[in-house]
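Data first, discussion second: the structure below is written as structure tokens.
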Protein chains: 6
Amino acid sequence: MATVPLLADGEAPPESLAVFDEIREARGTDYVNNFWRALAHDPALLRATWERAAHVMAPGALHPLVKELVYIAVSTANGCTYCVHSHTAAARAKGMTPEQHTELLAVIAMASQTNALATALAVPVDDRFQEN
Amino acid sequence: MATVPLLADGEAPPESLAVFDEIREARGTDYVNNFWRALAHDPALLRATWERAAHVMAPGALHPLVKELVYIAVSTANGCTYCVHSHTAAARAKGMTPEQHTELLAVIAMASQTNALATALAVPVDDRFQEN
Amino acid sequence: MATVPLLADGEAPPESLAVFDEIREARGTDYVNNFWRALAHDPALLRATWERAAHVMAPGALHPLVKELVYIAVSTANGCTYCVHSHTAAARAKGMTPEQHTELLAVIAMASQTNALATALAVPVDDRFQEN
Amino acid sequence: MATVPLLADGEAPPESLAVFDEIREARGTDYVNNFWRALAHDPALLRATWERAAHVMAPGALHPLVKELVYIAVSTANGCTYCVHSHTAAARAKGMTPEQHTELLAVIAMASQTNALATALAVPVDDRFQEN
Amino acid sequence: MATVPLLADGEAPPESLAVFDEIREARGTDYVNNFWRALAHDPALLRATWERAAHVMAPGALHPLVKELVYIAVSTANGCTYCVHSHTAAARAKGMTPEQHTELLAVIAMASQTNALATALAVPVDDRFQEN
Amino acid sequence: MATVPLLADGEAPPESLAVFDEIREARGTDYVNNFWRALAHDPALLRATWERAAHVMAPGALHPLVKELVYIAVSTANGCTYCVHSHTAAARAKGMTPEQHTELLAVIAMASQTNALATALAVPVDDRFQEN
């Protein structure tokens with residue numbers, strides 16, 4: 001149901017195939033998911049997105065699993081079903097337990113609820129929360 | 001600039017004051033922030049929100065700091081300035097370092113970007129990401 | 001802090017002043033709020049917006065107060081602070097009680113919470129909820 | 001297409017089955033919809049969500065049908081297709097007429113439109129709309 | 001999967017059929033897409049929406065293709081899959097090239113990313129950006 | 001009101017000052033706006049964001065002004081006041097006329113309205129709009 005055809009390996013331009021190979025190697029699987037196949041029409045956008053994602057999601061001051069949980073949270077709030085699916089799968093692959101998933105859902109629900117309350121009440125920001 | 005007056009201690013109903021006291025004790029500070037003062041008009045909604053928040057944000061399968069990071073992520077995607085401020089402050093109080101803050105920002109930005117791309121491309125969910 | 005100057009009566013083009021007069025008459029007040037003054041740069045957009053709003057918010061199968069409550073709900077979910085303020089004031093002018101306001105807030109919070117849960121779980125729509 | 005399996009009665013833990021029974025009794029039907037079956041993996045989250053929803057949606061200062069209309073409005077603005085479906089069905093079950101549905105749609109559309117205009121114009125909130 | 005039946009020509013009320021005819025004539029095709037068939041239950045809402053859309057999307061100070069690109073951008077940010085599809089098709093019909101589509105996607109992704117950063121940082125608006 | 005201090009030239013790390021200089025040169029002004037000063041705490045995130053923005057917004061298959069209009073549209077739908085302000089200013093600097101601004105507003109309002117209608121009606125995507 002995409003707005004562009006998803007490109008199979010035999011249909012993608014060579015520069016996109018090169019990114020597919022990097023994705024395969026980084027993930028240790030032959031499977032390239034639909035998101036990248038939709039982006040493959042434009043090798044430059046595909047490469048920029050993949051390289052930035054690989055950089056941002058790499059281990060650092062935050063654990064890769066924590067980054068996936070944040071990713072699920074943003075994707076949920078933005079209503080991106082595809083991203084919710086792909087990053088829930090990614091989080092599981094990185095060790096998310098059912099208990100962690102449930103707590104994540106509870107925090108997302110809580111935040112969504114208080115976000116709405118704070119907006120509907122138009123609560124002014126406390127001075128002590130401001131840095132500038 | 002709220003849509004209801006923020007209630008000072010001398011203005012809040014007794015049942016709301018009781019919740020203020022619980023907040024003070026739980027947080028080890030005399031300060032009660034504006035969100036709770038706006039909710040204080042209705043002691044039942046105030047209590048339900050506070051008790052649920054305290055339960056959800058408590059340590060469990062996820063570290064309390066991780067929960068705050070998820071909270072910031074949801075609040076950002078929902079565009080709730082008040083919540084972004086209060087939970088950034090809460091995350092710092094729970095030990096968030098500047099490096100962790102920056103990585104959080106980078107993940108939120110990345111997710112926002114790919115959420116938009118997946119939506120604009122209407123990428124269909126891969127079979128392997130589906131549980132049902 | 002607008003992105004266009006708000007036009008005072010002496011600054012607005014005559015066709016916009018005519019709309020201001022209709023607003024004043026419909027509302028029984030001399031006050032024209034900032035939203036209309038920002039739109040007044042373009043009399044055609046001002047008129048189209050005002051006439052459609054007057055038509056849509058008029059009594060019909062739904063009570064005007066119910067329409068205001070729905071308006072607040074949408075404005076909250078869309079994060080429009082201005083609209084939350086103006087329609088909370090409008091709802092009060094149409095008789096919204098503090099108890100109704102609180103229940104409205106509770107419903108908005110509940111919906112926001114289950115919206116997030118349904119999205120994060122990607123719950124498929126039950127056959128019986130589908131009309132087509 | 002859920003991110004977790006939907007649990008049939010024979011698969012759900014006993015505490016979740018107990019909530020299913022409460023849902024059946026409250027609604028006077030044997031049917032338990034997918035949202036609750038997706039939540040059933042975690043009996044505590046299922047119970048908390050169900051009990052809060054039952055409390056919030058009960059008759060009070062606002063008519064239960066009005067609460068459903070508000071729920072549809074929030075779900076629409078949040079882009080939650082599942083919730084739009086389930087609460088449109090619930091509103092019909094509570095007596096929403098086609099004329100009311102159409103007026104609801106018109107108000108939601110109007111609010112979405114002026115929300116966007118107020119945001120794009122960054123209209124400052126009028127002093128008289130502010131309570132604090 | 002609509003919340004109302006989509007009306008075929010033989011099912012729509014005469015006033016809605018009249019709008020269908022206007023749509024067919026304006027677009028030079030016999031095909032009437034699902035959006036209008038869902039709105040056809042209420043001829044007044046159908047007509048108001050169609051007439052406003054035809055007026056707004058007509059050539060003016062902005063080229064019709066530019067208007068379609070803006071439409072796609074808004075629909076993406078609002079997570080409206082239907083609208084993303086229908087307006088991507090409309091943009092192609094008005095001459096959008098694959099290169100333009102890719103650049104559009106890149107701008108939408110960039111904006112989504114910096115929107116999130118500005119919100120998470122709660123950056124105050126520079127004085128020079130304010131008109132009022 | 002930021003969640004981090006905005007860094008003046010004398011406070012920013014040298015790598016961030018280097019980016020400030022690139023911004024100044026690219027824009028032909030000494031002024032560096034608040035967004036970049038908030039990002040300056042992390043030179044790597046500042047550089048990545050600036051370089052990507054400069055690349056994406058450069059002339060290509062779409063005119064730079066068209067890109068700014070799209071940027072305003074996304075920022076509006078995402079409710080990012082800061083971005084609405086900064087990109088409205090940028091669009092004016094690139095030649096946006098008041099007439100173009102008004103038409104942009106009308107398209108954004110129209111899209112927001114039909115986005116809501118399509119979502120509330122859960123209109124299924126027409127086969128002919130699907131590429132895959």
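Ligands are numbered from 1 in the order shown, chains are lettered A, B, ... in the order of the structure tokens, and residues start at 1 in each chain.
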
May I ask you to extract the residues of chain E within 7 Å of chain D, using only C-alpha atoms, and to give them as a list in words?
Thr3, Asp42 and Gly79 of chain E

Select from chain C everything DSSP, run on the backbone, classes as helix (DSSP H, G or I), then give the selection as a PyMOL selection string.
chain C and resi 14-27+34-39+43-57+64-77+81-93+98-121+127-129

Selection: 10 Å around range 29-32 of chain E, only C-alpha atoms, excl. self and same-chain fewer than 6 positions, as a PyMOL selection string
(chain E and resi 8-9+20-21+23) or (chain F and resi 126)

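With CA of Gln130 in chain B on one side and CA of Met1 in chain D on the other, the separation reads 5.0 Å.
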
Give me, as a Markdown table, the closest atom pair and its distance (Å, one decimal) for every residue of range 37-124 of chain C within a cut-off of 12 Å of range 46-56 of chain E, counting only C-alpha atoms, rows sorted by chain and rising number.
```
| residue | atom | partner | partner_atom | distance |
| --- | --- | --- | --- | --- |
| C:Ala44 | CA | E:Val56 | CA | 11.1 |
| C:Leu45 | CA | E:Val56 | CA | 9.9 |
| C:Ala48 | CA | E:Arg52 | CA | 9.0 |
| C:Thr49 | CA | E:Arg52 | CA | 10.6 |
| C:Glu51 | CA | E:Ala48 | CA | 11.6 |
| C:Arg52 | CA | E:Ala48 | CA | 9.0 |
| C:His55 | CA | E:Ala48 | CA | 11.0 |
| C:Val56 | CA | E:Ala48 | CA | 10.9 |
```
